[in-house]
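These notes concern the structure reproduced below.
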Amino acid sequence: ILNVEQSPQSLHVQEGDSTNFTCSFPSSNFYALHWYRWETAKSPEALFVMTLNGDEKKKGRISATLNTKEGYSYLYIKGSQPEDSATYLCAFDTGKLIFGQGTTLQVKP
Amino acid sequence: DAGVIQSPRHEVTEMGQEVTLRCKPISGHDYLFWYRQTMMRGLELLIYFNNNVPIDDSGMPEDRFSAKMPNASFSTLKIQPSEPRDSAVYFCATQPEIGTGELFFGEGSRLTVL
């Protein structure tokens with residue numbers, strides 16, 4: 001059974017704080033690691049798809065890193081804003097995508 | 001493209017009834033996935049198709065669940081007979097290619113079985 005673990009489960013920060021979450025995944029049969037942002041009452045939307053060990057991707061204030069040898073990825077948000085409040089999901093892609101339980105971020109103004 | 005289209009958006013039914021959920025994928029996407037979202041388990045993969053062929057249905061909870069993809073434009077997920085524990089949001093998602101392409105999700109079908 002493939003296990004994708006995310007931590008923390010939830011996070012409350014103040015506007016302007018920087019934060020990061022972790023995604024752990026098996027280090028075998030790796031095709032890609034995905035990050036998705038899921039706002040309440042909407043559908044998940046892709047942030048990043050990373051395939052290579054050492055990959056770093058950035059979109060505005062959000063960035064992600066990937067370590068396939070040790071099986072983890074970090075998502076960073078710099079200067080959190082209330083509109084960043086959402087659940088952030090990672091998914092391990094071996095041909096089928098297995099999702100973690102997500103990290104729910106709440107940014108207080 | 002209109003994106004992944006799911007119907008119905010909401011369904012309320014009684015235990016024992018048949019439920020059919022529908023999905024129209026994005027044209028040209030080779031992979032189609034059905035996920036179920038619950039508070040307890042998060043997003044669970046039920047089944048996925050490649051070029052209309054079911055590849056892995058190991059996540060289908062039991063024989064009451066079945067899925068088909070008769071052509072590249074349409075997929076169904078059927079529950080017969082439905083039970084209250086099937087209440088969840090069911091998402092269809094498509095992917096243009098394996099391994100590097102992102103998933104595009106439909107808006108989900110919220111099922112309530114009374």
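Residues are referred to by chain and number: the chain letter is A, B, ... according to the order shown in the structure tokens, the number counts from 1 in that chain, and ligands are numbered separately from 1 in the order shown.
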
ask   = Neighbours of region 57-62 of chain A within 7 Å (only C-alpha atoms; same-chain residues fewer than 2 positions away dropped), as a list of chain:residue names?
value =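 Contacts, with the query itself left out: A:Phe48, A:Asp55, A:Ala64, A:Thr65, A:Tyr76, A:Ile77, A:Lys78.
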
Save the residues we just selected, N, CA and C atoms, as a PDB file, in the first residue's frame?
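What follows is the written file again-v3.pdb:
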```pdb
ATOM      1  N   PHE A  48       2.153  22.652  -8.738  1.00  0.00           N
ATOM      2  CA  PHE A  48       3.414  22.205  -9.319  1.00  0.00           C
ATOM      3  C   PHE A  48       3.352  20.718  -9.638  1.00  0.00           C
ATOM      4  N   ASP A  55      14.637  19.150  -7.892  1.00  0.00           N
ATOM      5  CA  ASP A  55      13.764  20.142  -8.532  1.00  0.00           C
ATOM      6  C   ASP A  55      13.332  21.207  -7.534  1.00  0.00           C
ATOM      7  N   ALA A  64       8.357  25.136  -4.095  1.00  0.00           N
ATOM      8  CA  ALA A  64       8.410  23.743  -3.659  1.00  0.00           C
ATOM      9  C   ALA A  64       9.750  23.144  -4.035  1.00  0.00           C
ATOM     10  N   THR A  65      10.185  22.199  -3.191  1.00  0.00           N
ATOM     11  CA  THR A  65      11.421  21.469  -3.467  1.00  0.00           C
ATOM     12  C   THR A  65      11.131  19.981  -3.445  1.00  0.00           C
ATOM     13  N   TYR A  76       6.631  25.855   0.371  1.00  0.00           N
ATOM     14  CA  TYR A  76       6.880  27.064   1.145  1.00  0.00           C
ATOM     15  C   TYR A  76       5.940  28.177   0.676  1.00  0.00           C
ATOM     16  N   ILE A  77       5.408  28.932   1.626  1.00  0.00           N
ATOM     17  CA  ILE A  77       4.644  30.131   1.280  1.00  0.00           C
ATOM     18  C   ILE A  77       5.301  31.295   2.017  1.00  0.00           C
ATOM     19  N   LYS A  78       5.737  32.265   1.229  1.00  0.00           N
ATOM     20  CA  LYS A  78       6.423  33.430   1.803  1.00  0.00           C
ATOM     21  C   LYS A  78       5.418  34.556   2.003  1.00  0.00           C
TER      22      LYS A  78
END
```

Strand (DSSP E or B) positions in chain B, given as a PyMOL selection string = chain B and resi 5-7+10-13+19-24+31-38+42-50+53-56+65-71+74-79+88-95+104-105+109-113

ask   = So which residues touch Asp17 (chain A) within 12 Å, counting only C-alpha atoms, skipping near sequence neighbours fewer than 5 positions away, as a list in words?
value =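 Near Asp17 (chain A), the qualifying residues are Leu11, His12, Arg61, Tyr76, Ile77, Lys78, Gly79, Ser80, Gln81, Pro82, Asp84, Leu105, Gln106, Val107, Lys108 and Pro109 of chain A.
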
Include N, CA, C and O atoms and write out the residues we just selected as an mmCIF file, in the first residue's frame.
```
data_model
loop_
_atom_site.group_PDB
_atom_site.id
_atom_site.type_symbol
_atom_site.label_atom_id
_atom_site.label_comp_id
_atom_site.auth_asym_id
_atom_site.auth_seq_id
_atom_site.Cartn_x
_atom_site.Cartn_y
_atom_site.Cartn_z
ATOM 1 N N LEU A 11 -2.697 24.245 10.098
ATOM 2 C CA LEU A 11 -1.759 25.308 10.458
ATOM 3 C C LEU A 11 -2.518 26.634 10.490
ATOM 4 O O LEU A 11 -3.260 26.941 9.555
ATOM 5 N N HIS A 12 -2.324 27.393 11.567
ATOM 6 C CA HIS A 12 -2.903 28.737 11.656
ATOM 7 C C HIS A 12 -1.760 29.728 11.764
ATOM 8 O O HIS A 12 -0.919 29.599 12.665
ATOM 9 N N ARG A 61 4.585 33.737 -4.587
ATOM 10 C CA ARG A 61 5.132 33.577 -3.223
ATOM 11 C C ARG A 61 5.235 32.114 -2.797
ATOM 12 O O ARG A 61 5.669 31.822 -1.690
ATOM 13 N N TYR A 76 6.631 25.855 0.371
ATOM 14 C CA TYR A 76 6.880 27.064 1.145
ATOM 15 C C TYR A 76 5.940 28.177 0.676
ATOM 16 O O TYR A 76 5.731 28.346 -0.528
ATOM 17 N N ILE A 77 5.408 28.932 1.626
ATOM 18 C CA ILE A 77 4.644 30.131 1.280
ATOM 19 C C ILE A 77 5.301 31.295 2.017
ATOM 20 O O ILE A 77 5.396 31.302 3.243
ATOM 21 N N LYS A 78 5.737 32.265 1.229
ATOM 22 C CA LYS A 78 6.423 33.430 1.803
ATOM 23 C C LYS A 78 5.418 34.556 2.003
ATOM 24 O O LYS A 78 4.659 34.881 1.088
ATOM 25 N N GLY A 79 5.410 35.144 3.190
ATOM 26 C CA GLY A 79 4.496 36.266 3.429
ATOM 27 C C GLY A 79 3.039 35.901 3.213
ATOM 28 O O GLY A 79 2.363 36.463 2.355
ATOM 29 N N SER A 80 2.532 34.947 3.995
ATOM 30 C CA SER A 80 1.170 34.424 3.811
ATOM 31 C C SER A 80 0.128 35.541 3.803
ATOM 32 O O SER A 80 0.216 36.503 4.571
ATOM 33 N N GLN A 81 -0.860 35.374 2.937
ATOM 34 C CA GLN A 81 -1.986 36.294 2.830
ATOM 35 C C GLN A 81 -3.276 35.524 3.117
ATOM 36 O O GLN A 81 -3.325 34.305 2.922
ATOM 37 N N PRO A 82 -4.332 36.218 3.559
ATOM 38 C CA PRO A 82 -5.595 35.516 3.820
ATOM 39 C C PRO A 82 -6.080 34.686 2.632
ATOM 40 O O PRO A 82 -6.668 33.623 2.822
ATOM 41 N N ASP A 84 -4.402 32.904 0.797
ATOM 42 C CA ASP A 84 -3.675 31.633 0.728
ATOM 43 C C ASP A 84 -4.366 30.544 1.536
ATOM 44 O O ASP A 84 -3.971 29.370 1.472
ATOM 45 N N LEU A 105 -4.387 25.225 5.725
ATOM 46 C CA LEU A 105 -3.776 26.483 6.159
ATOM 47 C C LEU A 105 -4.841 27.542 6.361
ATOM 48 O O LEU A 105 -5.670 27.777 5.490
ATOM 49 N N GLN A 106 -4.794 28.182 7.517
ATOM 50 C CA GLN A 106 -5.665 29.321 7.799
ATOM 51 C C GLN A 106 -4.777 30.521 8.085
ATOM 52 O O GLN A 106 -3.942 30.476 8.996
ATOM 53 N N VAL A 107 -4.933 31.586 7.280
ATOM 54 C CA VAL A 107 -4.141 32.799 7.461
ATOM 55 C C VAL A 107 -5.045 33.886 8.014
ATOM 56 O O VAL A 107 -6.011 34.296 7.368
ATOM 57 N N LYS A 108 -4.721 34.361 9.192
ATOM 58 C CA LYS A 108 -5.545 35.385 9.849
ATOM 59 C C LYS A 108 -5.042 36.775 9.492
ATOM 60 O O LYS A 108 -3.836 37.036 9.533
ATOM 61 N N PRO A 109 -5.984 37.680 9.153
ATOM 62 C CA PRO A 109 -5.558 39.046 8.800
ATOM 63 C C PRO A 109 -4.969 39.781 10.011
ATOM 64 O O PRO A 109 -5.287 39.450 11.138
#
```

Residue neighbourhood region 22-25 of chain A, 10 Å, only C-alpha atoms, exclusion window fewer than 4 positions, as a compact mmCIF listing (two decimals) with N, CA, C and O atoms, in the first residue's frame:
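Result file follows (part_6.txt):
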```
# COMPACT_ATOMS: atom_id res chain seq x y z
N LEU A 2 0.67 2.12 -0.97
CA LEU A 2 1.44 3.35 -1.05
C LEU A 2 0.93 4.33 -0.02
O LEU A 2 -0.27 4.58 0.06
N ASN A 3 1.85 4.91 0.76
CA ASN A 3 1.47 5.83 1.80
C ASN A 3 2.08 7.19 1.54
O ASN A 3 3.30 7.32 1.41
N VAL A 4 1.22 8.20 1.44
CA VAL A 4 1.68 9.56 1.27
C VAL A 4 1.26 10.33 2.52
O VAL A 4 0.08 10.40 2.83
N GLU A 5 2.25 10.84 3.24
CA GLU A 5 2.00 11.51 4.50
C GLU A 5 2.27 13.00 4.38
O GLU A 5 3.29 13.40 3.83
N GLN A 6 1.36 13.80 4.93
CA GLN A 6 1.55 15.23 4.94
C GLN A 6 1.52 15.75 6.37
O GLN A 6 0.74 15.27 7.19
N SER A 7 2.37 16.72 6.64
CA SER A 7 2.37 17.33 7.97
C SER A 7 2.71 18.82 7.84
O SER A 7 3.44 19.22 6.93
N PRO A 8 2.16 19.64 8.76
CA PRO A 8 1.18 19.25 9.75
C PRO A 8 -0.19 19.04 9.11
O PRO A 8 -0.38 19.36 7.94
N GLN A 9 -1.15 18.56 9.89
CA GLN A 9 -2.50 18.37 9.38
C GLN A 9 -3.17 19.72 9.16
O GLN A 9 -3.92 19.91 8.21
N PHE A 30 8.94 6.04 -8.77
CA PHE A 30 8.59 7.45 -8.80
C PHE A 30 8.49 7.95 -10.23
O PHE A 30 9.41 7.79 -11.02
N LEU A 33 5.87 14.10 -8.47
CA LEU A 33 5.23 14.55 -7.24
C LEU A 33 4.47 15.83 -7.57
O LEU A 33 5.03 16.76 -8.16
N TRP A 35 1.74 18.99 -6.38
CA TRP A 35 1.14 19.80 -5.31
C TRP A 35 -0.13 20.46 -5.87
O TRP A 35 -0.11 21.02 -6.97
N ALA A 64 8.36 25.14 -4.10
CA ALA A 64 8.41 23.74 -3.66
C ALA A 64 9.75 23.14 -4.03
O ALA A 64 10.36 23.54 -5.03
N THR A 65 10.19 22.20 -3.19
CA THR A 65 11.42 21.47 -3.47
C THR A 65 11.13 19.98 -3.44
O THR A 65 10.13 19.53 -2.87
N LEU A 66 12.02 19.21 -4.05
CA LEU A 66 11.80 17.77 -4.16
C LEU A 66 13.08 17.00 -3.89
O LEU A 66 14.14 17.33 -4.45
N ASN A 67 12.97 15.98 -3.03
CA ASN A 67 14.08 15.05 -2.78
C ASN A 67 13.53 13.64 -2.98
O ASN A 67 12.84 13.10 -2.13
N THR A 68 13.81 13.06 -4.15
CA THR A 68 13.26 11.74 -4.46
C THR A 68 14.03 10.62 -3.77
O THR A 68 13.49 9.55 -3.54
N GLU A 70 15.26 10.56 -0.69
CA GLU A 70 14.80 10.36 0.68
C GLU A 70 13.28 10.42 0.77
O GLU A 70 12.72 10.17 1.84
N GLY A 71 12.62 10.75 -0.31
CA GLY A 71 11.16 10.68 -0.37
C GLY A 71 10.45 11.79 0.37
O GLY A 71 9.56 11.53 1.18
N TYR A 72 10.81 13.05 0.07
CA TYR A 72 10.04 14.14 0.66
C TYR A 72 10.06 15.35 -0.26
O TYR A 72 10.93 15.52 -1.10
N SER A 73 9.03 16.18 -0.05
CA SER A 73 8.91 17.45 -0.75
C SER A 73 8.42 18.50 0.24
O SER A 73 7.63 18.19 1.14
N TYR A 74 8.92 19.72 0.10
CA TYR A 74 8.48 20.81 0.94
C TYR A 74 7.76 21.85 0.08
O TYR A 74 8.16 22.13 -1.05
N LEU A 75 6.69 22.41 0.64
CA LEU A 75 6.01 23.53 0.02
C LEU A 75 6.18 24.73 0.94
O LEU A 75 5.94 24.63 2.14
N TYR A 76 6.63 25.86 0.37
CA TYR A 76 6.88 27.06 1.15
C TYR A 76 5.94 28.18 0.68
O TYR A 76 5.73 28.35 -0.53
N LEU A 89 -2.60 19.88 -1.00
CA LEU A 89 -2.48 18.44 -1.17
C LEU A 89 -1.23 18.10 -1.97
O LEU A 89 -0.91 18.78 -2.94
N CYS A 90 -0.54 17.05 -1.56
CA CYS A 90 0.48 16.50 -2.45
C CYS A 90 0.01 15.15 -2.96
O CYS A 90 -0.82 14.49 -2.32
N ALA A 91 0.50 14.77 -4.11
CA ALA A 91 0.11 13.49 -4.71
C ALA A 91 1.34 12.83 -5.32
O ALA A 91 2.12 13.46 -6.04
N PHE A 92 1.49 11.55 -5.03
CA PHE A 92 2.59 10.75 -5.52
C PHE A 92 2.13 10.05 -6.79
O PHE A 92 1.11 9.35 -6.79
N ASP A 93 2.85 10.28 -7.87
CA ASP A 93 2.42 9.80 -9.18
C ASP A 93 3.30 8.63 -9.61
O ASP A 93 4.49 8.79 -9.89
N ILE A 98 -1.70 9.07 -5.95
CA ILE A 98 -2.16 8.81 -4.60
C ILE A 98 -1.96 10.09 -3.79
O ILE A 98 -0.84 10.60 -3.69
N PHE A 99 -3.05 10.59 -3.22
CA PHE A 99 -3.01 11.85 -2.50
C PHE A 99 -2.76 11.66 -1.01
O PHE A 99 -3.21 10.67 -0.41
N GLY A 100 -2.06 12.62 -0.42
CA GLY A 100 -1.99 12.71 1.02
C GLY A 100 -3.28 13.32 1.55
O GLY A 100 -4.17 13.70 0.78
N GLN A 101 -3.36 13.39 2.89
CA GLN A 101 -4.58 13.90 3.52
C GLN A 101 -4.66 15.42 3.47
O GLN A 101 -5.70 16.01 3.75
N GLY A 102 -3.55 16.06 3.16
CA GLY A 102 -3.55 17.51 3.01
C GLY A 102 -3.13 18.25 4.27
O GLY A 102 -3.19 17.72 5.38
N THR A 103 -2.69 19.48 4.08
CA THR A 103 -2.43 20.42 5.17
C THR A 103 -3.36 21.59 4.97
O THR A 103 -3.36 22.22 3.90
```

Taking only residues of chain B that have an atom at most 10 Å from an atom of chain A, what is each one's shortest atom pair and its distance in Å to one decimal, using only C-alpha atoms, in chain and number order, as a Markdown table?
```
| residue | atom | partner | partner_atom | distance |
| --- | --- | --- | --- | --- |
| B:Tyr31 | CA | A:Lys96 | CA | 9.3 |
| B:Leu32 | CA | A:Lys96 | CA | 9.9 |
| B:Phe33 | CA | A:Lys96 | CA | 8.3 |
| B:Tyr35 | CA | A:Ile98 | CA | 9.9 |
| B:Met39 | CA | A:Gln101 | CA | 9.4 |
| B:Met40 | CA | A:Gln101 | CA | 9.2 |
| B:Arg41 | CA | A:Gln101 | CA | 7.3 |
| B:Gly42 | CA | A:Gln101 | CA | 5.3 |
| B:Leu43 | CA | A:Phe99 | CA | 6.3 |
| B:Glu44 | CA | A:Phe99 | CA | 7.3 |
| B:Leu45 | CA | A:Ile98 | CA | 6.8 |
| B:Ile47 | CA | A:Lys96 | CA | 9.1 |
| B:Tyr48 | CA | A:Lys96 | CA | 7.4 |
| B:Phe49 | CA | A:Lys96 | CA | 9.7 |
| B:Asn50 | CA | A:Gly95 | CA | 9.9 |
| B:Ile55 | CA | A:Lys96 | CA | 9.3 |
| B:Asp56 | CA | A:Lys96 | CA | 8.4 |
| B:Phe91 | CA | A:Ser43 | CA | 8.4 |
| B:Ala93 | CA | A:Pro44 | CA | 9.7 |
| B:Glu97 | CA | A:Gly95 | CA | 9.3 |
| B:Ile98 | CA | A:Gly95 | CA | 5.7 |
| B:Gly99 | CA | A:Tyr31 | CA | 4.9 |
| B:Thr100 | CA | A:Ala32 | CA | 6.2 |
| B:Gly101 | CA | A:Val49 | CA | 7.2 |
| B:Glu102 | CA | A:Ala46 | CA | 6.2 |
| B:Leu103 | CA | A:Ala46 | CA | 6.9 |
| B:Phe104 | CA | A:Glu45 | CA | 7.0 |
| B:Phe105 | CA | A:Ser43 | CA | 6.1 |
| B:Gly106 | CA | A:Ser43 | CA | 6.7 |
| B:Glu107 | CA | A:Ser43 | CA | 5.5 |
| B:Gly108 | CA | A:Ser43 | CA | 7.3 |
```

key: Lys78 (chain B) surroundings by only C-alpha atoms, 6 Å radius, close-in-sequence under 4 positions cut, as a ChimeraX atom specification   = /B:19-20,65-66

key: Best match for closeness to Phe21 (chain A) among A:Ser63, A:Lys69, A:Gly54, A:Trp38, counting only C-alpha atoms   =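 Ranked by minimum distance to Phe21 (chain A), first place goes to A:Ser63.
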
key: Residue contacts of Ala88 (chain B) (7 Å, only C-alpha atoms) excluding same-chain residues fewer than 5 positions away, as a ChimeraX atom specification   = /B:36-38,110-112

request  = Would you work out the distance separating CA of Ser7 (chain B) from CA of Leu114 (chain B), expressed in Å to one decimal?
outcome  =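 That distance, rounded to one decimal, is 19.5 Å.
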
inquiry  = Rounded to one decimal, what separation in Å do you get between CA of Glu62 (chain B) and CA of Pro81 (chain B)?
reply    =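 Straight-line distance from CA of Glu62 (chain B) to CA of Pro81 (chain B) works out to 11.0 Å.
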
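Closest approach to Pro70 (chain B) from the set B:Pro54, B:Ala2, B:Thr94, B:Val12 is made by B:Pro54, with distances taken over only C-alpha atoms.
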